[in-house]
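Engineer: See target-v7.cif below, with mmCIF, C-alpha atoms.
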data_protein
#
loop_
_atom_site.label_atom_id
_atom_site.label_comp_id
_atom_site.auth_asym_id
_atom_site.auth_seq_id
_atom_site.Cartn_x
_atom_site.Cartn_y
_atom_site.Cartn_z
CA MET A 19 -56.16 45.21 62.69
CA ALA A 20 -55.11 42.45 65.06
CA MET A 21 -58.40 40.76 64.43
CA THR A 22 -57.92 40.56 60.69
CA ALA A 23 -54.46 39.07 61.02
CA SER A 24 -55.70 36.30 63.33
CA THR A 25 -58.65 35.43 61.09
CA SER A 26 -56.47 35.26 58.03
CA ALA A 27 -54.01 33.06 59.92
CA SER A 28 -56.78 30.79 61.09
CA LEU A 29 -58.17 30.57 57.57
CA SER A 30 -54.85 29.67 56.11
CA LEU A 31 -54.17 27.04 58.80
CA SER A 32 -57.57 25.48 58.38
CA SER A 33 -57.10 25.06 54.67
CA PHE A 34 -53.91 22.97 55.23
CA ASP A 35 -55.29 20.85 58.07
CA THR A 36 -57.14 18.57 55.69
CA LYS A 37 -55.69 15.13 55.02
CA LYS A 38 -53.54 14.81 51.90
CA PRO A 39 -54.66 12.19 49.40
CA PRO A 40 -52.15 9.34 48.85
CA LEU A 41 -49.76 9.76 45.90
CA SER A 42 -50.40 7.54 42.89
CA ALA A 43 -47.63 5.67 41.07
CA ALA A 44 -47.71 8.15 38.21
CA ALA A 45 -47.18 11.10 40.54
CA ALA A 46 -44.33 9.47 42.52
CA PRO A 47 -41.38 11.81 43.09
CA LEU A 48 -38.27 11.31 40.94
CA PRO A 49 -34.99 10.25 42.56
CA ALA A 50 -32.40 12.95 43.08
CA LEU A 51 -29.69 13.35 40.46
CA PRO A 52 -26.09 12.57 41.44
CA ARG A 53 -23.81 15.50 42.15
CA ALA A 54 -21.91 16.85 39.17
CA PRO A 55 -18.13 16.47 39.35
CA PRO A 56 -16.17 19.67 39.95
CA LEU A 57 -15.10 21.56 36.85
CA HIS A 58 -11.44 21.02 37.70
CA THR A 59 -11.68 17.24 37.15
CA ILE A 60 -13.54 17.65 33.87
CA SER A 61 -10.95 20.07 32.50
CA CYS A 62 -8.14 17.69 33.54
CA LEU A 63 -9.66 14.89 31.49
CA PHE A 64 -9.59 16.91 28.29
CA ASN A 65 -6.39 18.82 28.88
CA PRO A 66 -4.02 17.96 25.99
CA THR A 67 -0.90 18.60 28.04
CA THR A 68 -1.95 16.13 30.72
CA PHE A 69 -2.95 13.61 28.07
CA CYS A 70 0.41 13.89 26.31
CA ARG A 71 2.26 13.50 29.59
CA ARG A 72 0.26 10.36 30.31
CA ILE A 73 1.13 8.92 26.90
CA ALA A 74 4.83 9.75 27.35
CA ARG A 75 4.84 8.20 30.81
CA ASN A 76 3.15 5.04 29.50
CA GLY A 77 5.61 4.88 26.60
CA ALA A 78 8.56 5.23 28.94
CA THR A 79 7.14 2.53 31.18
CA MET A 80 6.68 0.16 28.27
CA ALA A 81 10.17 0.90 26.93
CA THR A 82 11.87 0.20 30.23
CA SER A 83 9.80 -2.81 31.23
CA GLU A 84 10.08 -4.77 28.01
CA ALA A 85 13.16 -6.69 27.01
CA GLN A 86 15.61 -4.65 25.03
CA VAL A 87 16.23 -5.75 21.48
CA VAL A 88 19.69 -5.34 20.03
CA VAL A 89 19.72 -4.56 16.34
CA ARG A 90 22.96 -4.95 14.51
CA VAL A 91 23.30 -3.20 11.19
CA GLU A 92 26.08 -4.21 8.91
CA VAL A 93 27.29 -1.49 6.59
CA SER A 94 28.63 -2.55 3.28
CA GLU A 95 31.90 -1.05 2.11
CA ASP A 96 30.44 -0.74 -1.37
CA ILE A 97 28.61 2.45 -0.44
CA GLN A 98 30.75 4.63 -2.65
CA THR A 99 30.40 2.33 -5.65
CA SER A 100 26.65 1.70 -5.33
CA THR A 101 24.43 4.25 -7.00
CA THR A 102 20.71 4.44 -7.08
CA GLU A 103 19.57 3.70 -10.59
CA THR A 104 16.20 4.81 -11.85
CA PRO A 105 13.95 2.06 -13.12
CA GLU A 106 13.75 1.54 -16.86
CA ILE A 107 10.11 2.54 -17.12
CA LEU A 108 10.81 5.81 -15.30
CA LYS A 109 13.60 6.54 -17.78
CA LYS A 110 11.15 5.99 -20.65
CA VAL A 111 8.62 8.33 -19.05
CA ILE A 112 11.25 11.03 -18.54
CA ASP A 113 12.46 10.67 -22.14
CA ALA A 114 8.89 10.86 -23.44
CA TRP A 115 8.21 13.97 -21.31
CA ASP A 116 11.35 15.65 -22.64
CA LYS A 117 10.23 14.99 -26.23
CA VAL A 118 6.86 16.68 -25.66
CA GLU A 119 6.76 20.16 -27.18
CA ASP A 120 3.53 21.45 -25.65
CA LYS A 121 3.82 20.41 -22.01
CA TYR A 122 1.05 22.79 -20.97
CA ALA A 123 -1.46 20.99 -23.20
CA VAL A 124 -0.40 17.57 -21.95
CA ALA A 125 -0.66 18.70 -18.32
CA SER A 126 -4.09 20.21 -19.04
CA LEU A 127 -5.24 16.95 -20.61
CA ALA A 128 -3.99 15.03 -17.57
CA VAL A 129 -5.92 17.33 -15.22
CA ALA A 130 -9.02 17.09 -17.42
CA GLY A 131 -8.68 13.31 -17.40
CA GLY A 132 -8.49 13.28 -13.60
CA ILE A 133 -11.60 15.46 -13.36
CA ALA A 134 -13.41 13.22 -15.85
CA LEU A 135 -12.46 10.16 -13.81
CA TRP A 136 -13.75 11.82 -10.63
CA GLY A 137 -16.99 12.80 -12.37
CA SER A 138 -17.49 9.35 -13.81
CA THR A 139 -17.13 7.76 -10.36
CA GLY A 140 -19.83 10.14 -9.11
CA LEU A 141 -22.05 9.20 -12.06
CA ILE A 142 -21.53 5.49 -11.48
CA ALA A 143 -22.31 5.92 -7.77
CA ALA A 144 -25.54 7.74 -8.69
CA ILE A 145 -26.53 5.02 -11.16
CA ASP A 146 -25.72 2.35 -8.57
CA ARG A 147 -28.31 3.86 -6.22
CA LEU A 148 -31.11 3.34 -8.76
CA PRO A 149 -33.19 0.24 -8.02
CA LEU A 150 -33.00 -1.87 -11.22
CA VAL A 151 -30.05 -0.49 -13.19
CA PRO A 152 -27.18 -2.20 -11.28
CA GLY A 153 -28.78 -5.62 -11.72
CA ILE A 154 -29.24 -5.02 -15.45
CA PHE A 155 -25.63 -3.86 -15.81
CA GLU A 156 -24.46 -6.95 -13.94
CA LEU A 157 -26.38 -9.22 -16.31
CA VAL A 158 -24.97 -7.37 -19.33
CA GLY A 159 -21.45 -7.75 -17.92
CA ILE A 160 -21.91 -11.47 -17.33
CA GLY A 161 -23.30 -11.89 -20.84
CA PHE A 162 -20.42 -9.97 -22.44
CA THR A 163 -17.86 -11.95 -20.46
CA GLY A 164 -19.40 -15.21 -21.67
CA TRP A 165 -19.51 -14.00 -25.28
CA PHE A 166 -15.88 -12.75 -25.16
CA THR A 167 -14.72 -16.04 -23.65
CA TYR A 168 -16.54 -18.07 -26.30
CA GLN A 169 -15.29 -15.91 -29.18
CA ASN A 170 -11.64 -15.46 -28.15
CA LEU A 171 -10.48 -17.87 -25.44
CA ILE A 172 -11.98 -21.31 -25.86
CA PHE A 173 -10.41 -22.39 -29.17
CA LYS A 174 -6.65 -22.30 -29.82
CA PRO A 175 -6.71 -20.38 -33.16
CA ASP A 176 -8.89 -17.69 -31.60
CA ARG A 177 -6.55 -17.39 -28.60
CA GLU A 178 -3.52 -17.03 -30.91
CA ALA A 179 -5.30 -14.32 -32.91
CA LEU A 180 -6.15 -12.44 -29.70
CA ILE A 181 -2.55 -12.68 -28.47
CA ALA A 182 -1.30 -11.37 -31.83
CA LYS A 183 -3.72 -8.42 -31.63
CA VAL A 184 -2.60 -7.59 -28.10
CA LYS A 185 1.10 -7.74 -29.07
CA GLU A 186 0.44 -5.54 -32.12
CA LEU A 187 -1.39 -3.00 -29.98
CA TYR A 188 1.43 -3.09 -27.41
CA LYS A 189 4.03 -2.34 -30.12
CA GLU A 190 1.86 0.42 -31.56
CA ILE A 191 1.48 2.17 -28.20
CA LEU A 192 4.92 1.71 -26.66
CA GLY A 193 7.02 1.28 -29.76
CA SER A 194 9.04 -1.80 -30.63
CA SER A 195 10.22 -3.56 -27.50
#
Hey, can you dump this file as structure tokens for me?

Structural biologist:
Amino acid sequence: MAMTASTSASLSLSSFDTKKPPLSAAAAPLPALPRAPPLHTISCLFNPTTFCRRIARNGATMATSEAQVVVRVEVSEDIQTSTTETPEILKKVIDAWDKVEDKYAVASLAVAGGIALWGSTGLIAAIDRLPLVPGIFELVGIGFTGWFTYQNLIFKPDREALIAKVKELYKEILGSS
């Protein structure tokens, strides 16, 4: 039994006595990683209470170190006589809303209009992603602008007719004003 242990030990020692081949550049050992910081310091960095205290301390430092500004507010004695008046357009909107009989239908139409506007912006964004369509729409817009300018803005009689149409439409929508 002692003989087998010594032969196995001599066999194992003889297998490691051979010279090791030199390491190539590809098999070079990697450098050791730096030590990780303790968990206490990591938790302190993301602790909201500590962060808020730091902000408050910095704010207090800035407030005390900067020059103090004196603000003087003069109060008018007309406070009792001054009242906040609603703008004229708001009065018109309130009067128009009071005249409406079916407020549920008007509110439903307003919500439907908002949804339609949201959907149309999505549709326009989808069309804008297509390769050729935005360029074509831009050319159509430039062409229409040129045609409208030529038909309605260049010559004085045409401008006067356009202004009259706009004023008529304004009176039709908002009433006589």

Engineer: Mind pulling up the distance from CA of Leu108 (chain A) to CA of Ala128 (chain A)?

Structural biologist: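 Pair CA of Ala128 (chain A) / CA of Leu108 (chain A) returns 17.6 Å.
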
Engineer: So what do you get for CA of Ile160 (chain A) versus CA of Glu178 (chain A), distance-wise?

Structural biologist: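 According to the coordinates, CA of Ile160 (chain A) and CA of Glu178 (chain A) are separated by 23.5 Å.
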
Engineer: Need to verify the contact set: Leu180 (chain A), 12 Å, only C-alpha atoms, exclusion of same-chain residues closer than 5 positions in sequence. Can you return it as an MDAnalysis selection string?

Structural biologist: chainID A and resid 166:167 169:175 185:187

Engineer: Interatomic distance between CA of Leu148 (chain A) and CA of Gly132 (chain A)?

Structural biologist: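 Taking CA of Leu148 (chain A) and CA of Gly132 (chain A), their separation equals 25.2 Å.
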
Engineer: Around all listed atoms of region 117-135 of chain A, padded 6 Å per side, what centre and edge lengths does the axis-aligned box have in Å to one decimal, as lines of an AutoDock Vina configuration file?

Structural biologist:
center_x = -1.6
center_y = 16.5
center_z = -20.3
size_x = 35.6
size_y = 24.6
size_z = 25.8
